[in-house]
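Some notes on the structure that comes next.
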Amino acid sequence: VKSKSGTRPSSNCYQKFSAFSFRLKNFTMPRKFFVGGNWKCNGTLASIDKLVQLLNEGSIPSSDIVDVVVAPTYVHIPYVLPKIRKEIQVAAQDCWTESSGAYTGAVAPEMLKDIGLNWVILGHSERRHVFKESDELTAKKTAKALAAGLKVIACIGELLEERQAGKTMEVNIRQLEAYKSVIGDKWADIVIAYEPVWAIGTGVTATPDQAQEVQNDVRKWLAANVSQHVADTVRIIYGGSVTAANCKDLSKMPDIDGFLVGGASLKPDFLPIINSAT
C-alpha cells in the first residue's frame with residue numbers, strides 16, 4: 001500500500017488504523033429504551049377507547065428513543081391496531097406452539113403475524129404459576145414465535161420463597177437456559193423481562209439496587225453463556241409494580257433498559273413511565 005506520493009505509510013499509520021478498526025469493530029450502539037404495557041385480562045371497548053385516546057394525545061418520546069408496545073387481550077387486538085398511534089406497537093400476551101390444529105382456545109403465532117403484530121409476551125409469571133406452564137412449554141412457544149417472525153418479550157423471575165431461600169439466580173438461570181436452547185442466532189429479536197413474582201401486582205417494588213443486581217447478573221450470564229455481543233446489546237427490562245413515582249429511579253440503573261408494566265399501563269401513569277426514557 002502506498003500513499004498518493006508513492007511512499008509507503010509509516011508503521012505508526014498502520015498502528016493507528018488498526019486501533020481505529022478495532023474500536024469500530026467493537027463499538028456497541030446504546031440500547032434503546034423499551035416500555036411494554038401488559039393489559040392482561042382487562043378492558044371493554046369503552047375503557048379501551050379512553051385508554052387509546054390518552055395514549056394518542058399524550059406526549060411521548062420519538063420511536064428512535066423508545067420502543068413502546070401494548071398488549072391487549074386477543075379479542076381487543078383488532079380493535080386497538082387501527083386506532084392507536086403509529087409510534088406504539090401492539091403485542092399479544094401469549095401464543096401457542098403450533099401453526100394450526102385441534103387446540104381449542106389456542107392462538108398460533110402465524111395468526112398474530114397475519115393480522116399485523118410483531119411482538120408477543122411469553123413466559124409471564126401468570127402463565128407459569130396460574131396456568132402451570134413449564135420452562136419446556138415456554139421454550140417451544142418461543143421457538144415457534146421466532147420462526148413465525150415475531151419478536152419475543154421473554155419473561156423470567158423468582159417467587160418470594162425462592163428469593164428468601166437464596167435461589168434468585170438459580171431460578172432465573174434455569175428459565176434463561178430454556179430460552180437459550182431455542183433462540184439460536186435470533187437474540188436481536190428478544191427482550192428479556194425480569195419480573196420478580198413477589199413484586200407483580202403487590203405494590204411491592206424491587207428497589208433500584210435489587211433490580212440492578214439481578215439484571216446485571218443476567219447480563220453477566222449472557223456474556224458467559226451466549227456471547228459478549230449479546231450481553232451488550234440485548235435489552236433487559238424490569239417489571240413489578242412499576243409506577244410513575246418509581247420509574248425514574250429505576251430507569252437510572254445501567255442494566256435496566258425499560259419496563260414491562262401491568263396495572264399502571266391501564267392508567268395515565270403509563271405516560272410518565274414511557275417518558276422516563278429521557
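Chain lettering (A, B, ...) mirrors the order of the C-alpha cells, residue numbering begins at 1 for each chain separately, and ligand numbering begins at 1 in order of display.
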
Q: Would you please give, as a PyMOL selection string, all residues of region 118-196 of chain A that DSSP assigns to strand (DSSP E) based on the backbone?
A: chain A and resi 119-122+151-156+190-194

Output file for the residues above (C-alpha atoms, as a PDB file, in the first residue's frame):
```pdb
ATOM      1  CA  TRP A 119     -44.385  -8.819  19.303  1.00  0.00           C
ATOM      2  CA  VAL A 120     -45.576 -11.413  21.797  1.00  0.00           C
ATOM      3  CA  ILE A 121     -45.083 -11.775  25.565  1.00  0.00           C
ATOM      4  CA  LEU A 122     -44.031 -15.283  26.604  1.00  0.00           C
ATOM      5  CA  LYS A 151     -40.175 -10.748  18.412  1.00  0.00           C
ATOM      6  CA  VAL A 152     -40.439 -12.064  21.952  1.00  0.00           C
ATOM      7  CA  ILE A 153     -40.635 -10.371  25.328  1.00  0.00           C
ATOM      8  CA  ALA A 154     -39.178 -13.283  27.279  1.00  0.00           C
ATOM      9  CA  CYS A 155     -40.149 -13.150  30.956  1.00  0.00           C
ATOM     10  CA  ILE A 156     -38.184 -14.535  33.878  1.00  0.00           C
ATOM     11  CA  ILE A 190     -35.530 -10.926  22.168  1.00  0.00           C
ATOM     12  CA  VAL A 191     -36.215  -8.535  25.027  1.00  0.00           C
ATOM     13  CA  ILE A 192     -35.687 -10.130  28.456  1.00  0.00           C
ATOM     14  CA  ALA A 193     -38.188  -9.006  31.093  1.00  0.00           C
ATOM     15  CA  TYR A 194     -37.082  -9.632  34.674  1.00  0.00           C
TER      16      TYR A 194
END
```

Q.
Report as number ranges by chain all protein, DNA and RNA residues lying within 12 Å of region 252-256 of chain A, evaluated on only C-alpha atoms, omitting residues in the same chain fewer than 6 positions from it.
A. A: 30-35, 191-195, 207-220, 231-239, 246, 276-278

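Counting only C-alpha atoms, Gly203 (chain A) has the following residues at most 9 Å away, ignoring those fewer than 3 positions along the same chain: A:Ala199, A:Ile200, A:Gly240, A:Ser241, A:Val242.
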
Write the residues you've just listed into a file as a PDB file, in the first residue's frame, and include all heavy atoms for each of them.
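Done, and the output landed in out_21.pdb:
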```pdb
ATOM      1  N   ALA A 199     -43.202  -9.076  43.316  1.00  0.00           N
ATOM      2  CA  ALA A 199     -43.436  -7.644  43.118  1.00  0.00           C
ATOM      3  C   ALA A 199     -44.539  -7.361  42.107  1.00  0.00           C
ATOM      4  O   ALA A 199     -44.872  -6.200  41.882  1.00  0.00           O
ATOM      5  CB  ALA A 199     -42.148  -6.962  42.666  1.00  0.00           C
ATOM      6  N   ILE A 200     -45.114  -8.399  41.496  1.00  0.00           N
ATOM      7  CA  ILE A 200     -46.107  -8.187  40.441  1.00  0.00           C
ATOM      8  C   ILE A 200     -47.485  -8.002  41.066  1.00  0.00           C
ATOM      9  O   ILE A 200     -48.030  -8.913  41.694  1.00  0.00           O
ATOM     10  CB  ILE A 200     -46.130  -9.370  39.455  1.00  0.00           C
ATOM     11  CG1 ILE A 200     -44.768  -9.502  38.763  1.00  0.00           C
ATOM     12  CG2 ILE A 200     -47.233  -9.196  38.424  1.00  0.00           C
ATOM     13  CD1 ILE A 200     -44.652 -10.713  37.868  1.00  0.00           C
ATOM     14  N   GLY A 240     -42.730  -5.150  37.709  1.00  0.00           N
ATOM     15  CA  GLY A 240     -43.128  -5.471  39.082  1.00  0.00           C
ATOM     16  C   GLY A 240     -43.497  -4.216  39.834  1.00  0.00           C
ATOM     17  O   GLY A 240     -42.634  -3.576  40.427  1.00  0.00           O
ATOM     18  N   SER A 241     -44.794  -3.834  39.751  1.00  0.00           N
ATOM     19  CA  SER A 241     -45.304  -2.646  40.442  1.00  0.00           C
ATOM     20  C   SER A 241     -44.537  -1.382  40.059  1.00  0.00           C
ATOM     21  O   SER A 241     -44.218  -0.552  40.906  1.00  0.00           O
ATOM     22  CB  SER A 241     -45.290  -2.861  41.961  1.00  0.00           C
ATOM     23  OG  SER A 241     -46.153  -3.927  42.327  1.00  0.00           O
ATOM     24  N   VAL A 242     -44.251  -1.253  38.760  1.00  0.00           N
ATOM     25  CA  VAL A 242     -43.640  -0.016  38.248  1.00  0.00           C
ATOM     26  C   VAL A 242     -44.723   1.060  38.194  1.00  0.00           C
ATOM     27  O   VAL A 242     -45.834   0.823  37.719  1.00  0.00           O
ATOM     28  CB  VAL A 242     -43.051  -0.221  36.849  1.00  0.00           C
ATOM     29  CG1 VAL A 242     -42.470   1.083  36.314  1.00  0.00           C
ATOM     30  CG2 VAL A 242     -41.982  -1.308  36.873  1.00  0.00           C
TER      31      VAL A 242
END
```

Within 12 Å of region 63-66 of chain A, which residues of region 170-260 of chain A show up? Give each one with its shortest atom-to-atom distance in Å (one decimal) and the two atoms involved, counting only C-alpha atoms, rows by chain then rising residue number, as a Markdown table.
```
| residue | atom | partner | partner_atom | distance |
| --- | --- | --- | --- | --- |
| A:Arg235 | CA | A:Val66 | CA | 11.6 |
| A:Asp257 | CA | A:Val66 | CA | 9.8 |
| A:Gly258 | CA | A:Val66 | CA | 8.7 |
| A:Phe259 | CA | A:Val66 | CA | 10.9 |
```

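The smallest atom-to-atom distance between Ile77 (chain A) and any of A:Leu112, A:Ala106, A:Ile60, A:Ala148, using only C-alpha atoms, is found for A:Leu112.
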
Q.
Applying 6 Å and only C-alpha atoms, which residues near Gly36 (chain A) remain after dropping the ones on its own chain fewer than 4 positions away? List them as a ChimeraX atom specification.
A. /A:68-70,260-261

How would the residues just chosen look if you wrote them out with N, CA and C atoms as a PDB file, in the first residue's frame?
```pdb
ATOM      1  N   VAL A  68     -42.285   1.472  22.290  1.00  0.00           N
ATOM      2  CA  VAL A  68     -43.458   1.317  23.157  1.00  0.00           C
ATOM      3  C   VAL A  68     -44.360   0.256  22.549  1.00  0.00           C
ATOM      4  N   VAL A  69     -44.742  -0.719  23.368  1.00  0.00           N
ATOM      5  CA  VAL A  69     -45.576  -1.830  22.917  1.00  0.00           C
ATOM      6  C   VAL A  69     -46.679  -2.039  23.945  1.00  0.00           C
ATOM      7  N   VAL A  70     -47.910  -2.190  23.489  1.00  0.00           N
ATOM      8  CA  VAL A  70     -49.007  -2.518  24.400  1.00  0.00           C
ATOM      9  C   VAL A  70     -49.611  -3.864  24.005  1.00  0.00           C
ATOM     10  N   LEU A 260     -41.653  -3.560  31.792  1.00  0.00           N
ATOM     11  CA  LEU A 260     -42.888  -4.243  31.412  1.00  0.00           C
ATOM     12  C   LEU A 260     -43.884  -3.921  32.511  1.00  0.00           C
ATOM     13  N   VAL A 261     -44.937  -3.200  32.139  1.00  0.00           N
ATOM     14  CA  VAL A 261     -45.842  -2.590  33.106  1.00  0.00           C
ATOM     15  C   VAL A 261     -47.197  -3.282  33.052  1.00  0.00           C
TER      16      VAL A 261
END
```

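Relative to CA of Val197 (chain A), CA of Leu159 (chain A) is found at 5.0 Å.
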
Q | Contact residues around Lys267 (chain A) with only C-alpha atoms at 9 Å, ignoring same-chain residues under 3 positions, as a ChimeraX atom specification | A | /A:51,54,263-264,270-271

Give me a file of those residues, with N, CA and C atoms, as a PDB file, in the first residue's frame.
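File result25.pdb, as written:
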```pdb
ATOM      1  N   LEU A  51     -58.450   4.718  26.946  1.00  0.00           N
ATOM      2  CA  LEU A  51     -57.022   4.480  27.105  1.00  0.00           C
ATOM      3  C   LEU A  51     -56.259   4.826  25.821  1.00  0.00           C
ATOM      4  N   LEU A  54     -56.024   8.529  25.486  1.00  0.00           N
ATOM      5  CA  LEU A  54     -54.987   9.031  26.380  1.00  0.00           C
ATOM      6  C   LEU A  54     -53.603   8.877  25.767  1.00  0.00           C
ATOM      7  N   GLY A 263     -50.578  -3.110  35.807  1.00  0.00           N
ATOM      8  CA  GLY A 263     -51.702  -2.253  36.170  1.00  0.00           C
ATOM      9  C   GLY A 263     -51.545  -0.807  35.763  1.00  0.00           C
ATOM     10  N   ALA A 264     -50.349  -0.261  35.899  1.00  0.00           N
ATOM     11  CA  ALA A 264     -50.125   1.146  35.579  1.00  0.00           C
ATOM     12  C   ALA A 264     -50.249   1.436  34.085  1.00  0.00           C
ATOM     13  N   PHE A 270     -49.045   5.559  32.810  1.00  0.00           N
ATOM     14  CA  PHE A 270     -48.234   4.936  31.762  1.00  0.00           C
ATOM     15  C   PHE A 270     -47.439   5.977  30.977  1.00  0.00           C
ATOM     16  N   LEU A 271     -47.979   7.168  30.819  1.00  0.00           N
ATOM     17  CA  LEU A 271     -47.267   8.201  30.056  1.00  0.00           C
ATOM     18  C   LEU A 271     -45.963   8.627  30.721  1.00  0.00           C
TER      19      LEU A 271
END
```

Q | Residues near Pro82 (chain A), cut-off 12 Å, only C-alpha atoms, skip fewer than 5 positions along chain, as JSON, numbers by chain | A | {"A": [49, 52, 56, 76, 77, 88, 89, 90, 115, 116, 117]}

Expected file: the selected residues, N, CA, C and O atoms, as an mmCIF file, in the first residue's frame:
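Output below, filename part-v7.cif:
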```
data_model
loop_
_atom_site.group_PDB
_atom_site.id
_atom_site.type_symbol
_atom_site.label_atom_id
_atom_site.label_comp_id
_atom_site.auth_asym_id
_atom_site.auth_seq_id
_atom_site.Cartn_x
_atom_site.Cartn_y
_atom_site.Cartn_z
ATOM 1 N N ASP A 49 -61.250 2.616 24.428
ATOM 2 C CA ASP A 49 -61.341 3.890 23.702
ATOM 3 C C ASP A 49 -60.692 5.010 24.509
ATOM 4 O O ASP A 49 -59.932 5.835 23.978
ATOM 5 N N VAL A 52 -56.790 4.412 24.687
ATOM 6 C CA VAL A 52 -56.138 4.719 23.410
ATOM 7 C C VAL A 52 -56.124 6.232 23.170
ATOM 8 O O VAL A 52 -55.119 6.785 22.699
ATOM 9 N N ASN A 56 -52.848 8.350 22.552
ATOM 10 C CA ASN A 56 -52.722 9.072 21.287
ATOM 11 C C ASN A 56 -52.489 10.568 21.490
ATOM 12 O O ASN A 56 -51.791 11.211 20.704
ATOM 13 N N HIS A 76 -59.360 -7.911 21.752
ATOM 14 C CA HIS A 76 -59.272 -6.472 21.564
ATOM 15 C C HIS A 76 -58.157 -6.047 20.604
ATOM 16 O O HIS A 76 -58.104 -4.883 20.207
ATOM 17 N N ILE A 77 -57.287 -6.969 20.232
ATOM 18 C CA ILE A 77 -56.165 -6.608 19.360
ATOM 19 C C ILE A 77 -56.643 -5.977 18.041
ATOM 20 O O ILE A 77 -56.162 -4.902 17.665
ATOM 21 N N ILE A 88 -46.731 3.538 18.689
ATOM 22 C CA ILE A 88 -46.972 2.488 19.672
ATOM 23 C C ILE A 88 -47.336 1.194 18.948
ATOM 24 O O ILE A 88 -48.288 1.146 18.173
ATOM 25 N N GLN A 89 -46.549 0.151 19.188
ATOM 26 C CA GLN A 89 -46.805 -1.144 18.571
ATOM 27 C C GLN A 89 -47.736 -1.975 19.450
ATOM 28 O O GLN A 89 -47.902 -1.707 20.643
ATOM 29 N N VAL A 90 -48.329 -2.983 18.845
ATOM 30 C CA VAL A 90 -49.274 -3.845 19.552
ATOM 31 C C VAL A 90 -48.704 -5.262 19.607
ATOM 32 O O VAL A 90 -48.162 -5.772 18.620
ATOM 33 N N ILE A 115 -52.258 -10.741 11.244
ATOM 34 C CA ILE A 115 -53.066 -9.541 11.474
ATOM 35 C C ILE A 115 -52.212 -8.300 11.739
ATOM 36 O O ILE A 115 -52.734 -7.234 12.062
ATOM 37 N N GLY A 116 -50.883 -8.454 11.626
ATOM 38 C CA GLY A 116 -50.022 -7.283 11.674
ATOM 39 C C GLY A 116 -49.207 -7.099 12.937
ATOM 40 O O GLY A 116 -48.598 -6.051 13.137
ATOM 41 N N LEU A 117 -49.155 -8.117 13.810
ATOM 42 C CA LEU A 117 -48.375 -7.997 15.039
ATOM 43 C C LEU A 117 -46.922 -8.382 14.814
ATOM 44 O O LEU A 117 -46.617 -9.230 13.970
#
```

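One finds CA of Leu266 (chain A) at 21.1 Å from CA of Asp249 (chain A).
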
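Across the model, the gap from CA of Gly123 (chain A) to CA of Leu160 (chain A) is 17.5 Å.
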
Q.
Considering only alpha helix (DSSP H) as DSSP defines it on the backbone, what residues of region 67-255 of chain A qualify? List them as a VMD selection string.
A. chain A and resid 77 to 80 109 to 114 125 to 129 135 to 147 160 to 164 168 to 183 208 to 225 228 to 233 247 to 251
